[in-house]
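Pasted below: data-v3.cif, mmCIF, C-alpha atoms.
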data_run
loop_
_atom_site.label_atom_id
_atom_site.label_comp_id
_atom_site.auth_asym_id
_atom_site.auth_seq_id
_atom_site.Cartn_x
_atom_site.Cartn_y
_atom_site.Cartn_z
CA MET A 9 0.00 0.00 0.00
CA GLU A 10 0.98 3.61 -0.54
CA PRO A 11 0.49 6.45 2.01
CA PRO A 12 -2.52 7.97 0.13
CA GLU A 13 -4.23 4.55 0.18
CA VAL A 14 -3.79 4.30 3.96
CA SER A 15 -5.21 7.80 4.42
CA GLU A 16 -8.22 6.99 2.23
CA LEU A 17 -8.96 3.52 3.61
CA PHE A 18 -8.54 4.13 7.36
CA PRO A 19 -10.46 7.00 9.00
CA LEU A 20 -7.97 6.94 11.88
CA PHE A 21 -5.19 8.01 9.51
CA SER A 22 -7.24 10.39 7.35
CA THR A 23 -5.63 13.51 8.85
CA ALA A 24 -2.19 12.04 9.58
CA SER A 25 0.89 13.65 8.07
CA GLU A 26 2.64 12.08 5.09
CA ARG A 27 5.58 11.32 7.36
CA THR A 28 3.32 9.46 9.80
CA LEU A 29 1.72 7.46 6.99
CA ALA A 30 5.07 6.53 5.49
CA TRP A 31 6.44 5.44 8.87
CA PHE A 32 3.28 3.45 9.62
CA LEU A 33 3.73 1.47 6.39
CA GLU A 34 7.40 0.96 7.16
CA ILE A 35 6.81 -0.56 10.59
CA ALA A 36 3.46 -2.31 10.01
CA GLY A 37 3.28 -6.05 9.58
CA GLU A 38 0.71 -7.90 7.48
CA LEU A 39 -1.42 -10.73 8.84
CA GLU A 40 -4.05 -13.00 7.30
CA PHE A 41 -6.68 -15.01 9.14
CA ALA A 42 -9.14 -17.64 7.98
CA LYS A 43 -12.80 -17.65 8.92
CA ASP A 44 -13.44 -18.47 12.60
CA GLU A 45 -9.81 -17.92 13.63
CA VAL A 46 -9.18 -16.04 16.87
CA ILE A 47 -7.35 -12.77 16.14
CA ILE A 48 -7.15 -11.41 19.69
CA LYS A 49 -7.52 -13.58 22.77
CA GLU A 50 -8.42 -12.18 26.19
CA SER A 51 -4.74 -12.15 27.18
CA ASP A 52 -3.63 -10.35 23.98
CA TRP A 53 -5.29 -6.96 24.51
CA GLY A 54 -2.92 -4.03 24.85
CA LYS A 55 -0.09 -5.59 22.85
CA SER A 56 -0.87 -4.40 19.31
CA VAL A 57 -3.14 -2.26 17.14
CA PHE A 58 -4.82 -3.79 14.09
CA ALA A 59 -6.19 -2.14 10.93
CA ILE A 60 -8.56 -4.11 8.68
CA VAL A 61 -7.57 -4.06 5.01
CA SER A 62 -10.34 -6.49 4.03
CA GLY A 63 -12.78 -8.89 5.66
CA TRP A 64 -15.17 -8.92 8.61
CA VAL A 65 -14.54 -9.60 12.32
CA LYS A 66 -16.58 -9.57 15.50
CA LEU A 67 -15.90 -8.58 19.08
CA GLN A 68 -17.43 -11.10 21.43
CA HIS A 69 -17.62 -11.58 25.19
CA ARG A 70 -17.26 -15.14 26.41
CA SER A 71 -18.33 -16.32 29.86
CA GLU A 72 -19.18 -19.64 31.44
CA GLU A 73 -22.87 -19.01 30.76
CA GLU A 74 -22.83 -17.67 27.20
CA THR A 75 -20.96 -16.02 24.35
CA VAL A 76 -22.35 -12.68 23.14
CA THR A 77 -21.41 -10.64 20.06
CA LEU A 78 -20.83 -7.01 21.04
CA GLU A 79 -19.64 -5.31 17.84
CA ILE A 80 -18.81 -5.84 14.18
CA PHE A 81 -15.76 -4.39 12.42
CA SER A 82 -14.81 -4.40 8.76
CA GLU A 83 -12.66 -2.75 6.10
CA GLY A 84 -11.16 0.54 7.30
CA ASP A 85 -11.73 -0.09 11.01
CA CYS A 86 -8.99 -0.26 13.62
CA PHE A 87 -9.18 -2.14 16.90
CA GLY A 88 -6.93 -2.67 19.89
CA GLU A 89 -5.94 0.99 20.22
CA MET A 90 -8.11 1.76 23.26
CA ALA A 91 -6.71 -1.20 25.20
CA ILE A 92 -3.25 0.35 24.83
CA LEU A 93 -4.37 3.68 26.25
CA ASP A 94 -6.43 2.59 29.26
CA GLU A 95 -4.75 -0.76 30.10
CA VAL A 96 -7.99 -2.16 31.54
CA PRO A 97 -8.17 -5.98 31.33
CA ARG A 98 -10.57 -7.20 28.62
CA SER A 99 -12.76 -10.29 28.86
CA CYS A 100 -13.42 -10.23 25.12
CA GLU A 101 -11.90 -11.65 21.96
CA ILE A 102 -11.85 -10.80 18.26
CA ILE A 103 -12.96 -13.55 15.85
CA ALA A 104 -12.67 -13.58 12.05
CA LEU A 105 -16.08 -13.89 10.38
CA SER A 106 -14.51 -14.25 6.94
CA GLU A 107 -11.03 -14.32 5.46
CA VAL A 108 -9.32 -11.23 6.89
CA ARG A 109 -6.27 -9.16 5.95
CA LEU A 110 -4.79 -6.88 8.59
CA LEU A 111 -2.01 -4.40 9.13
CA THR A 112 -0.63 -4.40 12.65
CA ILE A 113 1.88 -2.48 14.75
CA SER A 114 3.02 -2.98 18.32
CA ALA A 115 1.68 -0.95 21.22
CA GLN A 116 5.01 0.83 21.64
CA ARG A 117 5.14 1.85 17.98
CA PHE A 118 1.55 3.09 18.07
CA LEU A 119 2.26 5.29 21.08
CA GLN A 120 5.30 6.69 19.25
CA LEU A 121 3.07 7.55 16.28
CA LEU A 122 0.64 9.39 18.55
CA LEU A 123 3.39 11.36 20.26
CA LYS A 124 4.86 12.51 16.94
CA ASP A 125 1.59 13.47 15.21
CA PRO A 126 -0.94 15.72 17.04
CA GLN A 127 -3.39 15.31 14.14
CA LEU A 128 -3.42 11.57 14.75
CA GLN A 129 -4.11 12.18 18.44
CA GLN A 130 -7.06 14.41 17.62
CA ARG A 131 -8.47 11.96 15.10
CA LEU A 132 -8.23 9.10 17.58
CA LEU A 133 -10.13 11.17 20.13
CA GLN A 134 -12.87 11.98 17.60
CA LEU A 135 -13.32 8.36 16.58
CA SER A 136 -13.34 7.24 20.23
CA PHE A 137 -16.17 9.64 21.04
CA ARG A 138 -18.02 8.46 17.94
CA ARG A 139 -17.72 4.84 19.10
CA ILE A 140 -18.89 5.77 22.60
CA ASN A 141 -21.88 7.61 21.13
CA ARG A 142 -22.82 4.58 19.04
CA PHE A 143 -22.63 2.39 22.15
CA TYR A 144 -24.86 4.85 24.01
CA CYS A 145 -27.39 4.77 21.16
CA ARG A 146 -27.43 0.99 21.26
CA CYS A 147 -28.10 1.10 25.00
CA GLN A 148 -31.27 3.08 24.22
CA MET A 149 -32.50 0.51 21.69
CA HIS A 150 -34.77 -1.25 24.16
CA ARG A 151 -37.23 1.61 23.67
CA GLN A 152 -37.55 0.79 19.98
CA SER A 153 -39.38 -2.02 18.24
CA ALA A 154 -37.46 -5.18 17.32
CA LYS A 155 -38.00 -4.49 13.61
CA LYS A 156 -36.57 -0.98 13.87
CA ARG A 157 -33.53 -2.22 15.80
CA LEU A 158 -32.75 -4.85 13.21
CA ILE A 159 -33.22 -2.56 10.21
CA ASP A 160 -31.13 0.16 11.87
CA LEU A 161 -28.31 -2.37 12.24
CA LEU A 162 -28.52 -3.37 8.57
CA LEU A 163 -28.54 0.28 7.49
CA PHE A 164 -25.53 1.04 9.68
CA LEU A 165 -23.57 -1.86 8.18
CA ALA A 166 -24.60 -0.87 4.65
CA GLU A 167 -23.72 2.80 5.07
CA ASN A 168 -20.35 2.10 6.69
CA TYR A 169 -19.17 -1.06 4.92
CA GLY A 170 -21.57 -1.75 2.05
CA LYS A 171 -20.45 -2.33 -1.54
CA SER A 172 -22.64 -1.08 -4.38
CA THR A 173 -23.61 -3.86 -6.82
CA GLU A 174 -26.26 -4.49 -9.46
CA LYS A 175 -28.26 -6.47 -6.90
CA GLY A 176 -28.12 -3.70 -4.30
CA THR A 177 -25.82 -2.75 -1.43
CA GLU A 178 -23.84 -5.83 -0.42
CA ILE A 179 -22.84 -6.56 3.19
CA PHE A 180 -21.60 -9.68 4.92
CA GLN A 181 -24.35 -12.06 5.99
CA LEU A 182 -24.09 -12.19 9.76
CA SER A 183 -25.49 -15.21 11.54
CA ASP A 184 -28.95 -14.92 13.05
CA GLN A 185 -27.37 -15.26 16.49
CA ASP A 186 -24.93 -12.39 15.88
CA ILE A 187 -27.76 -10.15 14.69
CA ALA A 188 -29.86 -11.13 17.69
CA ASP A 189 -26.99 -10.30 20.05
CA LEU A 190 -26.31 -6.91 18.43
CA THR A 191 -29.97 -5.88 18.47
CA ASP A 192 -30.96 -7.49 21.78
CA ILE A 193 -33.81 -9.47 20.26
CA SER A 194 -34.40 -13.21 20.06
CA VAL A 195 -33.13 -15.43 17.26
CA ALA A 196 -36.73 -16.34 16.41
CA GLU A 197 -37.65 -12.64 16.04
CA THR A 198 -34.53 -12.08 13.95
CA GLN A 199 -35.47 -14.86 11.55
CA GLN A 200 -39.06 -13.65 11.30
CA ILE A 201 -38.07 -10.04 10.54
CA LEU A 202 -35.47 -11.07 7.95
CA GLU A 203 -38.06 -13.30 6.27
CA THR A 204 -40.56 -10.40 6.21
CA LEU A 205 -37.99 -8.07 4.59
CA ASP A 206 -37.08 -10.79 2.11
CA ASN A 207 -40.75 -11.29 1.17
CA LYS A 208 -41.07 -7.53 0.57
CA ASP A 209 -38.05 -7.76 -1.78
CA TRP A 210 -36.15 -5.24 0.37
CA LEU A 211 -33.27 -7.61 0.89
CA ASP A 212 -31.82 -10.65 -0.83
CA ILE A 213 -29.79 -13.25 1.07
CA ASP A 214 -27.19 -15.20 -0.91
CA ARG A 215 -26.19 -17.98 1.47
CA ASP A 216 -23.69 -19.51 -0.98
CA SER A 217 -21.51 -16.39 -0.95
CA GLN A 218 -22.48 -15.33 2.60
CA SER A 219 -23.71 -12.00 1.27
CA LEU A 220 -26.80 -9.98 2.11
CA TYR A 221 -28.03 -7.41 -0.40
CA LEU A 222 -30.13 -4.42 0.62
CA VAL A 223 -32.09 -3.94 -2.57
CA ASN A 224 -33.34 -0.39 -1.96
CA LEU A 225 -31.63 1.59 0.79
CA LYS A 226 -33.80 4.68 0.33
CA GLN A 227 -37.02 2.70 0.61
CA LEU A 228 -35.75 0.84 3.67
CA SER A 229 -34.59 4.09 5.31
CA HIS A 230 -37.99 5.68 4.69
CA PHE A 231 -39.75 2.63 6.12
CA VAL A 232 -37.69 2.55 9.32
CA ARG A 233 -38.40 6.24 10.00
CA GLN A 234 -42.09 5.38 10.15
CA LEU A 235 -41.65 2.69 12.81
#
For the structure just supplied, provide its representation as structure tokens.
Amino acid sequence: MEPPEVSELFPLFSTASERTLAWFLEIAGELEFAKDEVIIKESDWGKSVFAIVSGWVKLQHRSEEETVTLEIFSEGDCFGEMAILDEVPRSCEIIALSEVRLLTISAQRFLQLLLKDPQLQQRLLQLSFRRINRFYCRCQMHRQSAKKRLIDLLLFLAENYGKSTEKGTEIFQLSDQDIADLTDISVAETQQILETLDNKDWLDIDRDSQSLYLVNLKQLSHFVRQL
């Protein structure tokens, strides 16, 4: 990759100096993971920062009682940076949902980047507040209907990670359980709502390629505002 590509692909580095971008590429390593591989274990947090070049991953919390999906990340996202700054132990792990390509740098190198580039510091702060705000919004979801919660999730994924195709906006087909976890509704409700949207021809699920196509984003956005 070239510095302009890093700036364009990763929001975290969108305002970084050319010197920062060049140094990042010089020190970054490349990693590839297959579907279902563990990228970060509970004991690995705080050691490195990862930037997703391609693919989909999930953040999940595992306990003796259950495993719950907390967040989805895809192309352009970075993860692991907050664990370096606050050093709070994590009881979560990052799992590859598809084949994944990553760039990674050590915690020490990342801190050096921050110290040398105030613009990078400011951008990290902005994105951190944005992530906190999204988490807060999700905490308020219980006041909304199950259908609105699910459609809002699909729209968020489409607007942030979707690829425009002839069939519509393509996103990765999450499992029914992952969707249920992220929206705090049951798997049965998830399946019922997806079937309803499919019958209305608002989405098309291609299980062979693990892709979900939102056929008409404008129509779906208008519908969810009425719920």
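Proximity to Asp192 (chain A) was assessed for A:Leu78, A:Leu211, A:Ile47, A:Val65 counting only C-alpha atoms; the smallest distance is recorded for A:Leu78.
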Can you pull out the residues contacting Val46 (chain A)? Cut-off 12 Å, using only C-alpha atoms, and skip same-chain residues under 2 positions away; I want them as a PyMOL selection string.
chain A and resi 40-44+48-52+65-68+100-108
A:Ile80, A:Ala30, A:Leu17, A:Leu228: which is nearest Ile187 (chain A), counting all atoms listed in the file?
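Between A:Ile80, A:Ala30, A:Leu17, A:Leu228, the residue approaching Ile187 (chain A) most closely is A:Ile80.
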Counting all atoms listed in the file, which residues sit no farther than 10 Å from the position (4.9, 9.3, 14.9) in the file's frame? I'd like them as a list of chain:residue names.
A:Ala24, A:Ser25, A:Arg27, A:Thr28, A:Leu29, A:Ala30, A:Trp31, A:Phe32, A:Arg117, A:Phe118, A:Leu119, A:Gln120, A:Leu121, A:Leu122, A:Leu123, A:Lys124, A:Asp125, A:Pro126, A:Leu128
Given the PyMOL selection byres ((chain A and resi 88) around 12), the residues it picks as a VMD selection string
chain A and resid 47 to 50 52 to 60 67 81 85 to 87 89 to 98 100 to 102 111 to 115 118 136
Can you spell out as a PDB file with C-alpha atoms, in the frame of the given file the set of residues that the PyMOL selection byres ((chain A and resi 185) around 9) selects in the structure I just provided?
ATOM      1  CA  VAL A  76     -22.350 -12.680  23.140  1.00  0.00           C
ATOM      2  CA  THR A  77     -21.410 -10.640  20.060  1.00  0.00           C
ATOM      3  CA  LEU A 182     -24.090 -12.190   9.760  1.00  0.00           C
ATOM      4  CA  SER A 183     -25.490 -15.210  11.540  1.00  0.00           C
ATOM      5  CA  ASP A 184     -28.950 -14.920  13.050  1.00  0.00           C
ATOM      6  CA  ASP A 186     -24.930 -12.390  15.880  1.00  0.00           C
ATOM      7  CA  ILE A 187     -27.760 -10.150  14.690  1.00  0.00           C
ATOM      8  CA  ALA A 188     -29.860 -11.130  17.690  1.00  0.00           C
ATOM      9  CA  ASP A 189     -26.990 -10.300  20.050  1.00  0.00           C
ATOM     10  CA  LEU A 190     -26.310  -6.910  18.430  1.00  0.00           C
ATOM     11  CA  SER A 194     -34.400 -13.210  20.060  1.00  0.00           C
ATOM     12  CA  VAL A 195     -33.130 -15.430  17.260  1.00  0.00           C
ATOM     13  CA  THR A 198     -34.530 -12.080  13.950  1.00  0.00           C
TER      14      THR A 198
END
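Residues matching the PyMOL selection byres ((chain A and resi 167) around 12) in this structure come to A:Asp160, A:Leu161, A:Leu162, A:Leu163, A:Phe164, A:Leu165, A:Ala166, A:Asn168, A:Tyr169, A:Gly170, A:Lys171, A:Ser172, A:Thr177, A:Glu178, A:Ile179, A:Leu222, A:Leu225, A:Lys226, A:Ser229.
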List as number ranges by chain: which residues have an atom within 8 Å of (-34.5, -7.1, -2.4), counting only C-alpha atoms?
A: 175-176, 205-206, 208-212, 221-224
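Our summary of the geometry notes that CA of Arg109 (chain A) is positioned 7.3 Å from CA of Glu38 (chain A).
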Enter the distance from CA of Val232 (chain A) to CA of Pro19 (chain A), in Å, rounded to one decimal.
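Computing it gives 27.6 Å between the two atoms.
The two atoms in question, CA of Cys147 (chain A) and CA of Gln227 (chain A), are spaced 26.0 Å apart.
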Under the rule that all atoms listed in the file are counted, which of A:Cys145, A:Leu110, A:Leu202, A:Leu20 is the nearest residue to Leu132 (chain A)?
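When distances to Leu132 (chain A) are compared using all atoms listed in the file, the smallest one comes from A:Leu20.
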Measuring atom to atom with only C-alpha atoms, identify which of A:Gln181, A:Ser71, A:Ser22, A:Gln200 is nearest to Gly84 (chain A).
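Among the listed residues, the smallest separation from Gly84 (chain A) belongs to A:Ser22.
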Quick one: residues within 12 Å of Met149 (chain A), only C-alpha atoms counted, chain neighbours fewer than 3 positions away excluded, as a JSON list (two decimals) with C-alpha atoms, keeping the file's coordinate frame?
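What follows is the written file result.json:
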[["chain", "number", "residue", "atom", "x", "y", "z"],
["A", 142, "ARG", "CA", -22.82, 4.58, 19.04],
["A", 143, "PHE", "CA", -22.63, 2.39, 22.15],
["A", 144, "TYR", "CA", -24.86, 4.85, 24.01],
["A", 145, "CYS", "CA", -27.39, 4.77, 21.16],
["A", 146, "ARG", "CA", -27.43, 0.99, 21.26],
["A", 152, "GLN", "CA", -37.55, 0.79, 19.98],
["A", 153, "SER", "CA", -39.38, -2.02, 18.24],
["A", 154, "ALA", "CA", -37.46, -5.18, 17.32],
["A", 155, "LYS", "CA", -38.00, -4.49, 13.61],
["A", 156, "LYS", "CA", -36.57, -0.98, 13.87],
["A", 157, "ARG", "CA", -33.53, -2.22, 15.80],
["A", 158, "LEU", "CA", -32.75, -4.85, 13.21],
["A", 159, "ILE", "CA", -33.22, -2.56, 10.21],
["A", 160, "ASP", "CA", -31.13, 0.16, 11.87],
["A", 161, "LEU", "CA", -28.31, -2.37, 12.24],
["A", 190, "LEU", "CA", -26.31, -6.91, 18.43],
["A", 191, "THR", "CA", -29.97, -5.88, 18.47],
["A", 192, "ASP", "CA", -30.96, -7.49, 21.78],
["A", 193, "ILE", "CA", -33.81, -9.47, 20.26]]
